[in-house]
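Everything below concerns the one structure shown next.
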Amino acid sequence: MYNLIFRITFALATIVQLSAFGQKAVEFEHKFNEQKMLFAEKIYVHTDKPLYFVNDILWFKAYNLSNVKNGFSSLSKVVYVEILDENNKPQAQTMVNVSEGLASGSLQLSKQLETGAYKLRAYTNLMKNAGADSFFEKELYIINPSRVFNAVSTKKQVYDIGFFPEGGAMVEGITGKVAFKALDNSGRGVAVRGVVIDDKNDTVATIKTFKFGIGKFTFAPKPERKYKAICIMPDKEILIKELPEIKKKGYALTFDDKDQLKASIVTNMNESNLYVVVHNGKSVMYAKSSRLVDGRTEVVLDKSALSGGLYHLTVFDMDGNPVAERMFFRKGKDKISFNTDLAKANYTKREKVDLKITAVNAQTKLQSANASFSIYKIDSLQTGQDIDIVSDLYLRSELKGAIENPAYYFSSDNNEVTEALDNLLLTQGWRKFDAKKRGNQPALSFIPEYNGHLISGKVLSPDKNPVKGLSLYLSSPKKKGAFYVTTTDSLGTFLFNTDKLFGKSELIIQADYTKDSTSNISIFSPYYEEYSPIAKQSSTYSDLFKKKKYLEDYYFSSQIQDIYAKKYLNNFYAPDSAQVFYGQVQKSYLLSNYTRFNTLEEVLREYVREVLVFKKKNSLVFNVVGGKESFEENPLVLFDGIPYFDINKIASVYPDNIESIDIFKDRFFYSGETYPGVLSFNSKKATLSDYELNPKAIIIDYEGMQLQREFYAPKYDKATKNHMPDYRSTLHWEPNLLFNGKDKISLSFYTSDVEGRYIGVIQGVSTDGTPGFNTFEIEVKK
């Protein structure tokens with residue numbers, strides 16, 4: 001009887017416990033789905049080449065991919081691109097318009113830049129929520145020939161080594177793996193060997209790097225012992241480093257993917273169950289409880305349920321606290337290839353190159369995709385080594401720090417590459433999901449720029465208090481000037497959602513000066529002013545001494561191009577601009593077709609029949625008529641997009657500078673405001689001195705989304721005679737290769753006067769979000 005009662009009680013307790021873990025599963029997945037928005041987008045940027053000279057034009061294509069579903073992101077319409085120096089100080093900044101997850105642009109490199117390694121980074125407004133570590137980053141090398149030799153470093157080589165216990169911690173009495181990574185002061189991995197000893201000088205493990213300065217060893221820390229590593233560095237220097245703190249109580253996680261995907265967890269804590277979650281950043285693939293027996297448990301994952309890519313395996317205790325974590329990688333069968341077809345590999349100067357490209361999947365079937373293409377000269381200075389979209393999206397975007405030769409990890413499926421990849425994940429893997437840390441975070445601080453660029457700022461009263469509920473107006477004084485309205489919130493902050501704001505503009509932000517002329521308005525920088533840690537650069541300068549001839553050749557070529565091709569390299573165009581904010585103009589007057597009068601009041605009275613002018617309490621009133629309803633209030637009155645709140649002042653303007661008058665006759669709703677029609681005056685030439693502004697209005701030179709620069713490439717067909725010198729090192733840049741899944745893409749370009757080897761690079765993404773990458777080479781001879 002007693003045994004029966006015991007079994008029934010145990011069974012009921014188990015059911016209750018399993019029910020609690022079932023609720024915990026729902027809780028974990030709910031928190032995970034809540035926080036996916038923080039990492040909803042992922043960016044990759046393809047640049048035309050990896051090395052530049054000052055005054056070069058850097059061409060780029062940005063791919064904004066959804067990190068929640070497959071394919072391109074539809075959230076953000078703006079991508080921010082910056083070049084940062086070795087101190088994380090911006091040296092160039094721009095924003096580009098995104099259409100269907102794709103954007104392209106260019107940056108002219110300043111002549112004043114120092115020779116050195118720079119960082120190109122790109123992000124969306126939404127990505128700011130996850131911090132600078134989530135941004136796309138790529139190392140660029142920029143050379144200023146006149147300052148090369150000042151940049152050469154003669155500092156003594158310094159080494160460092162870090163240790164990374166698998167799962168997060170070493171625990172007394174529990175055997176576990178410890179990975180390590182040894183670097184020189186340029187950030188490159190170095191080969192080391194050595195031993196791990198305890199505080200009694202007993203050797204407990206040996207150290208030997210496997211690849212790129214990374215390796216691992218296994219040992220079981222003993223109670224009350226301390227451990228240190230004694231390493232022999234490449235120059236025979238001895239480096240001694242303490243191992244991380246060893247916990248008396250904790251959890252050890254070991255992962256094995258040789259025959260099965262198996263996670264083993266061992267603990268000396270008083271726990272009966274653990275909870276294991278596996279996710280790939282987009283969805284939870286595995287979320288179950290696991291019972292501990294004698295402090296041990298194993299979880300075997302179904303390989304068929306996991307596609308290719310990086311996965312995060314997190315272990316939680318019974319209270320929902322994360323206690324161990326590691327990353328692992330599954331090489332998937334899905335891939336896309338860009339196959340090229342060239343008539344030949346060798347060409348003469350100024351010869352036409354015809355190229356055909358196909359996008360195919362793993363089954364060699366034609367695939368729909370969007371890609372970019374560059375071909376540039378390579379030599380011992382400008383190498384063909386650069387990051388690629390496959391290794392970047394699968395590795396770099398998920399890991400901390402620079403990855404040395406990321407393409408290596410996708411070069412083969414052999415045991416060496418597999419072990420090297422696992423070592424990389426053990427050392428540079430990082431946590432993207434922390435249920436305890438992320439579970440109670442506030443709403444997103446940075447919202448996606450879904451319609452266009454957001455301009456934000458704050459309004460303070462003279463005594464520095466936030467001004468709430470104040471209507472603000474943003475204008476760009478030009479023909480058919482841009483006009484936006486917003487209202488400050490309880491903190492005095494505001495947000496203008498602009499649309500198609502391209503190029504440099506003079507922006508005016510003001511309040512209605514008849515209601516508020518004392519508040520102070522300021523705007524925030526659209527660029528993120530926090531940075532990822534300054535990484536040790538993998539590039540070194542010392543070899544530049546040996547490459548003086550190449551430097552001279554490149555400098556000569558760039559000078560020639562600047563002289564002869566400059567006028568062709570500064571052709572810009574804007575994408576199709578949206579119509580005026582109030583839509584279709586219902587009536588327009590071109591004043592040159594009518595008699596000129598001395599004031600706008602007379603113009604409106606004499607022949608603008610859609611506007612009635614009368615006086616009310618010594619103030620002029622304009623009423624728009626002829627629409628669907630009658631109005632008694634003034635319409636929204638604009639002068640080149642700048643609102644006028646005092647009708648007497650606009651009425652007295654001399655009309656000789658006015659080119660046209662546009663009228664919208666119906667009630668208009670815009671940004672939460674209602675207007676009884678719109679009366680818009682358009683000048684012949686916008687001049688700030690012509691406008692009446694709030695004394696506290698701010699006027700700024702603002703760089704909106706960049707205008708598109710046309711890539712210049714001369715043609716040398718029989719009908720064209722061109723005798724200008726041609727010293728292009730980048731023969732062609734094509735950011736928009738659109739594969740429809742049915743046909744090949746054909747493109748052509750001409751070689752230049754520069755002999756040598758050239759590498760063609762094609763990078764892109766299929767419509768389902770699968771990245772692809774390919775290269776080929778040609779030779780240009782006399």
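Naming scheme: A, B, ... for chains in displayed order of the structure tokens; residues 1 onward per chain; ligands 1 onward as shown.
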
Dump as JSON lines the rows for residues of segment 321-386 of chain A within 12 Å of segment 398-405 of chain A: closest atom pair and distance in Å with one decimal, only C-alpha atoms counted, ordered by chain and rising residue number.
{"residue": "A:Arg326", "atom": "CA", "partner": "A:Leu399", "partner_atom": "CA", "distance": 11.7}
{"residue": "A:Met327", "atom": "CA", "partner": "A:Leu399", "partner_atom": "CA", "distance": 9.7}
{"residue": "A:Phe328", "atom": "CA", "partner": "A:Glu398", "partner_atom": "CA", "distance": 11.3}
{"residue": "A:Phe329", "atom": "CA", "partner": "A:Glu398", "partner_atom": "CA", "distance": 11.1}
{"residue": "A:Gln385", "atom": "CA", "partner": "A:Asn405", "partner_atom": "CA", "distance": 8.4}
{"residue": "A:Asp386", "atom": "CA", "partner": "A:Asn405", "partner_atom": "CA", "distance": 8.4}

Excluding Asp656 of chain A and residues on its chain fewer than 5 positions from it, collect all residues at most 12 Å away from it, counting only C-alpha atoms, and give them as a compact mmCIF listing (two decimals) with N, CA and C atoms, in the first residue's frame.
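Writing the result to result32.txt gives the following:
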# COMPACT_ATOMS: atom_id res chain seq x y z
N LEU A 590 0.26 79.90 -63.64
CA LEU A 590 1.60 80.34 -64.02
C LEU A 590 1.55 81.85 -64.18
N LEU A 591 2.20 82.57 -63.27
CA LEU A 591 2.01 84.02 -63.20
C LEU A 591 2.50 84.76 -64.43
N SER A 592 3.42 84.18 -65.19
CA SER A 592 3.89 84.85 -66.40
C SER A 592 2.80 84.98 -67.46
N TYR A 594 -0.13 86.12 -66.77
CA TYR A 594 -1.09 87.11 -66.28
C TYR A 594 -0.40 88.44 -66.03
N THR A 595 -1.21 89.46 -65.80
CA THR A 595 -0.69 90.79 -65.48
C THR A 595 -0.01 90.76 -64.12
N ARG A 596 1.12 91.43 -64.03
CA ARG A 596 1.83 91.50 -62.76
C ARG A 596 1.25 92.61 -61.89
N PHE A 597 1.09 92.31 -60.60
CA PHE A 597 0.60 93.31 -59.65
C PHE A 597 1.67 93.52 -58.57
N ASN A 598 1.40 94.48 -57.70
CA ASN A 598 2.42 94.85 -56.72
C ASN A 598 2.47 93.94 -55.51
N THR A 599 1.37 93.28 -55.17
CA THR A 599 1.34 92.38 -54.02
C THR A 599 0.60 91.10 -54.38
N LEU A 600 0.87 90.06 -53.58
CA LEU A 600 0.17 88.80 -53.78
C LEU A 600 -1.32 88.96 -53.47
N VAL A 603 -2.89 89.92 -56.64
CA VAL A 603 -2.91 88.79 -57.57
C VAL A 603 -4.09 87.88 -57.26
N PHE A 681 2.67 78.78 -52.90
CA PHE A 681 3.36 79.71 -53.78
C PHE A 681 4.75 79.16 -54.08
N ASN A 682 5.09 79.15 -55.35
CA ASN A 682 6.38 78.60 -55.78
C ASN A 682 7.21 79.69 -56.43
N SER A 683 8.41 79.94 -55.87
CA SER A 683 9.24 81.04 -56.36
C SER A 683 10.04 80.61 -57.58
N LYS A 684 10.60 81.61 -58.28
CA LYS A 684 11.49 81.32 -59.40
C LYS A 684 12.82 80.76 -58.90
N LYS A 685 13.28 81.32 -57.79
CA LYS A 685 14.55 80.86 -57.21
C LYS A 685 14.45 81.00 -55.70
N ASP A 690 14.00 85.62 -48.47
CA ASP A 690 12.63 85.95 -48.88
C ASP A 690 11.59 85.47 -47.88

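From atom CA of Phe163 of chain A back to atom CA of Leu424 of chain A, the distance works out to 12.2 Å.
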
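What separates atom CA of Leu310 of chain A from atom CA of Leu183 of chain A is a distance of 24.5 Å.
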
If we count only C-alpha atoms and set the cut-off at 10 Å, which residues sit around segment 582-586 of chain A, ignoring sequence neighbours fewer than 4 positions away in its own chain? Please answer as an mmCIF file with N, CA, C and O atoms, in the first residue's frame.
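Saved to part-v5.cif:
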data_model
loop_
_atom_site.group_PDB
_atom_site.id
_atom_site.type_symbol
_atom_site.label_atom_id
_atom_site.label_comp_id
_atom_site.auth_asym_id
_atom_site.auth_seq_id
_atom_site.Cartn_x
_atom_site.Cartn_y
_atom_site.Cartn_z
ATOM 1 N N PHE A 483 7.606 69.350 -47.439
ATOM 2 C CA PHE A 483 6.924 69.887 -46.262
ATOM 3 C C PHE A 483 6.465 68.716 -45.397
ATOM 4 O O PHE A 483 5.833 67.772 -45.879
ATOM 5 N N ALA A 578 8.770 61.594 -55.290
ATOM 6 C CA ALA A 578 7.330 61.523 -55.097
ATOM 7 C C ALA A 578 6.700 62.863 -55.440
ATOM 8 O O ALA A 578 7.353 63.907 -55.443
ATOM 9 N N GLY A 627 -14.262 73.656 -53.792
ATOM 10 C CA GLY A 627 -14.075 72.240 -53.487
ATOM 11 C C GLY A 627 -15.372 71.586 -53.055
ATOM 12 O O GLY A 627 -16.476 72.066 -53.343
ATOM 13 N N ILE A 661 1.352 79.430 -58.679
ATOM 14 C CA ILE A 661 0.512 79.202 -57.502
ATOM 15 C C ILE A 661 -0.236 77.895 -57.723
ATOM 16 O O ILE A 661 -0.896 77.703 -58.746
ATOM 17 N N ASP A 662 -0.125 76.982 -56.748
ATOM 18 C CA ASP A 662 -0.851 75.715 -56.801
ATOM 19 C C ASP A 662 -1.918 75.703 -55.718
ATOM 20 O O ASP A 662 -1.694 76.185 -54.597
ATOM 21 N N ILE A 663 -3.061 75.107 -56.047
ATOM 22 C CA ILE A 663 -4.185 75.114 -55.112
ATOM 23 C C ILE A 663 -4.761 73.712 -54.981
ATOM 24 O O ILE A 663 -5.009 73.026 -55.980
ATOM 25 N N PHE A 664 -4.960 73.298 -53.718
ATOM 26 C CA PHE A 664 -5.698 72.076 -53.416
ATOM 27 C C PHE A 664 -6.961 72.532 -52.694
ATOM 28 O O PHE A 664 -6.885 73.122 -51.614
ATOM 29 N N LYS A 665 -8.147 72.248 -53.271
ATOM 30 C CA LYS A 665 -9.377 72.914 -52.845
ATOM 31 C C LYS A 665 -10.147 72.184 -51.751
ATOM 32 O O LYS A 665 -11.074 72.759 -51.166
ATOM 33 N N ASP A 666 -9.779 70.937 -51.451
ATOM 34 C CA ASP A 666 -10.553 70.159 -50.483
ATOM 35 C C ASP A 666 -9.847 70.072 -49.139
ATOM 36 O O ASP A 666 -8.665 70.392 -49.016
ATOM 37 N N PHE A 668 -7.791 68.688 -46.212
ATOM 38 C CA PHE A 668 -6.626 67.823 -46.333
ATOM 39 C C PHE A 668 -6.164 67.375 -44.953
ATOM 40 O O PHE A 668 -6.034 68.180 -44.034
ATOM 41 N N PHE A 669 -5.936 66.059 -44.812
ATOM 42 C CA PHE A 669 -5.476 65.489 -43.550
ATOM 43 C C PHE A 669 -4.024 65.050 -43.723
ATOM 44 O O PHE A 669 -3.700 64.300 -44.644
ATOM 45 N N TYR A 670 -3.145 65.519 -42.806
ATOM 46 C CA TYR A 670 -1.719 65.243 -42.978
ATOM 47 C C TYR A 670 -1.038 65.212 -41.626
ATOM 48 O O TYR A 670 -1.076 66.194 -40.875
ATOM 49 N N GLY A 677 -7.850 73.079 -47.081
ATOM 50 C CA GLY A 677 -7.235 73.364 -48.372
ATOM 51 C C GLY A 677 -5.771 73.728 -48.243
ATOM 52 O O GLY A 677 -5.247 73.940 -47.138
ATOM 53 N N VAL A 678 -5.097 73.801 -49.394
ATOM 54 C CA VAL A 678 -3.680 74.154 -49.444
ATOM 55 C C VAL A 678 -3.468 75.203 -50.519
ATOM 56 O O VAL A 678 -3.956 75.060 -51.645
ATOM 57 N N SER A 680 -0.265 77.037 -52.249
ATOM 58 C CA SER A 680 1.186 76.916 -52.315
ATOM 59 C C SER A 680 1.756 77.877 -53.344
ATOM 60 O O SER A 680 1.387 77.828 -54.530
#

Selection: 7 Å around segment 761-772 of chain A, only C-alpha atoms, excl. self and same-chain fewer than 5 positions, as a PDB file with C-alpha atoms, in the first residue's frame:
ATOM      1  CA  ASN A  70      13.898  34.040 -45.457  1.00  0.00           C
ATOM      2  CA  GLY A  71      14.628  36.643 -48.108  1.00  0.00           C
ATOM      3  CA  PHE A  72      15.037  40.406 -48.161  1.00  0.00           C
ATOM      4  CA  LYS A 335      23.385  26.982 -51.948  1.00  0.00           C
ATOM      5  CA  ILE A 336      23.469  29.295 -54.923  1.00  0.00           C
ATOM      6  CA  SER A 337      26.273  29.573 -57.468  1.00  0.00           C
ATOM      7  CA  PHE A 338      26.994  32.270 -60.019  1.00  0.00           C
ATOM      8  CA  GLN A 367      17.513  30.499 -59.767  1.00  0.00           C
ATOM      9  CA  SER A 368      15.978  33.945 -59.211  1.00  0.00           C
ATOM     10  CA  ALA A 369      18.496  36.186 -57.483  1.00  0.00           C
ATOM     11  CA  ASN A 370      19.890  39.690 -57.135  1.00  0.00           C
ATOM     12  CA  ALA A 371      23.650  40.178 -57.348  1.00  0.00           C
ATOM     13  CA  SER A 372      26.466  42.683 -57.837  1.00  0.00           C
ATOM     14  CA  PHE A 373      29.605  42.413 -59.939  1.00  0.00           C
ATOM     15  CA  SER A 374      33.051  44.003 -59.820  1.00  0.00           C
ATOM     16  CA  ILE A 375      36.289  43.372 -61.703  1.00  0.00           C
ATOM     17  CA  ILE A 389      28.762  37.215 -48.708  1.00  0.00           C
ATOM     18  CA  VAL A 390      28.547  33.512 -47.822  1.00  0.00           C
TER      19      VAL A 390
END

Pick from A:Lys628, A:Lys344, A:Arg709, A:Arg396, whichever lies nearest to Glu777 of chain A using only C-alpha atoms: A:Lys344

Restricting the calculation to only C-alpha atoms, which member of A:Asp516, A:Arg296, A:Ser476, A:Ser557 is positioned closest to Phe639 of chain A? A:Ser476

If we count only C-alpha atoms, what is near Lys226 of chain A at a cut-off of 12 Å, once residues fewer than 3 positions away on the same chain are taken out, given as a PyMOL selection string? chain A and resi 170+172+196-202+204+220-223+229+241-247

Based on the backbone DSSP call, show me all residues of segment 608-705 of chain A assigned strand (DSSP E or B), as a PyMOL selection string. chain A and resi 611-616+619-624+636-639+642-643+658-664+668-670+673-675+678-683+698-703+705

Residues of segment 311-415 of chain A in helix (DSSP H, G or I) according to DSSP, as a PyMOL selection string? chain A and resi 389-394+396-398+406-410+415

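Closest approach to Ser456 of chain A from the set A:Ile521, A:Ala407, A:Gln428, A:Leu444 is made by A:Ile521, with distances taken over only C-alpha atoms.
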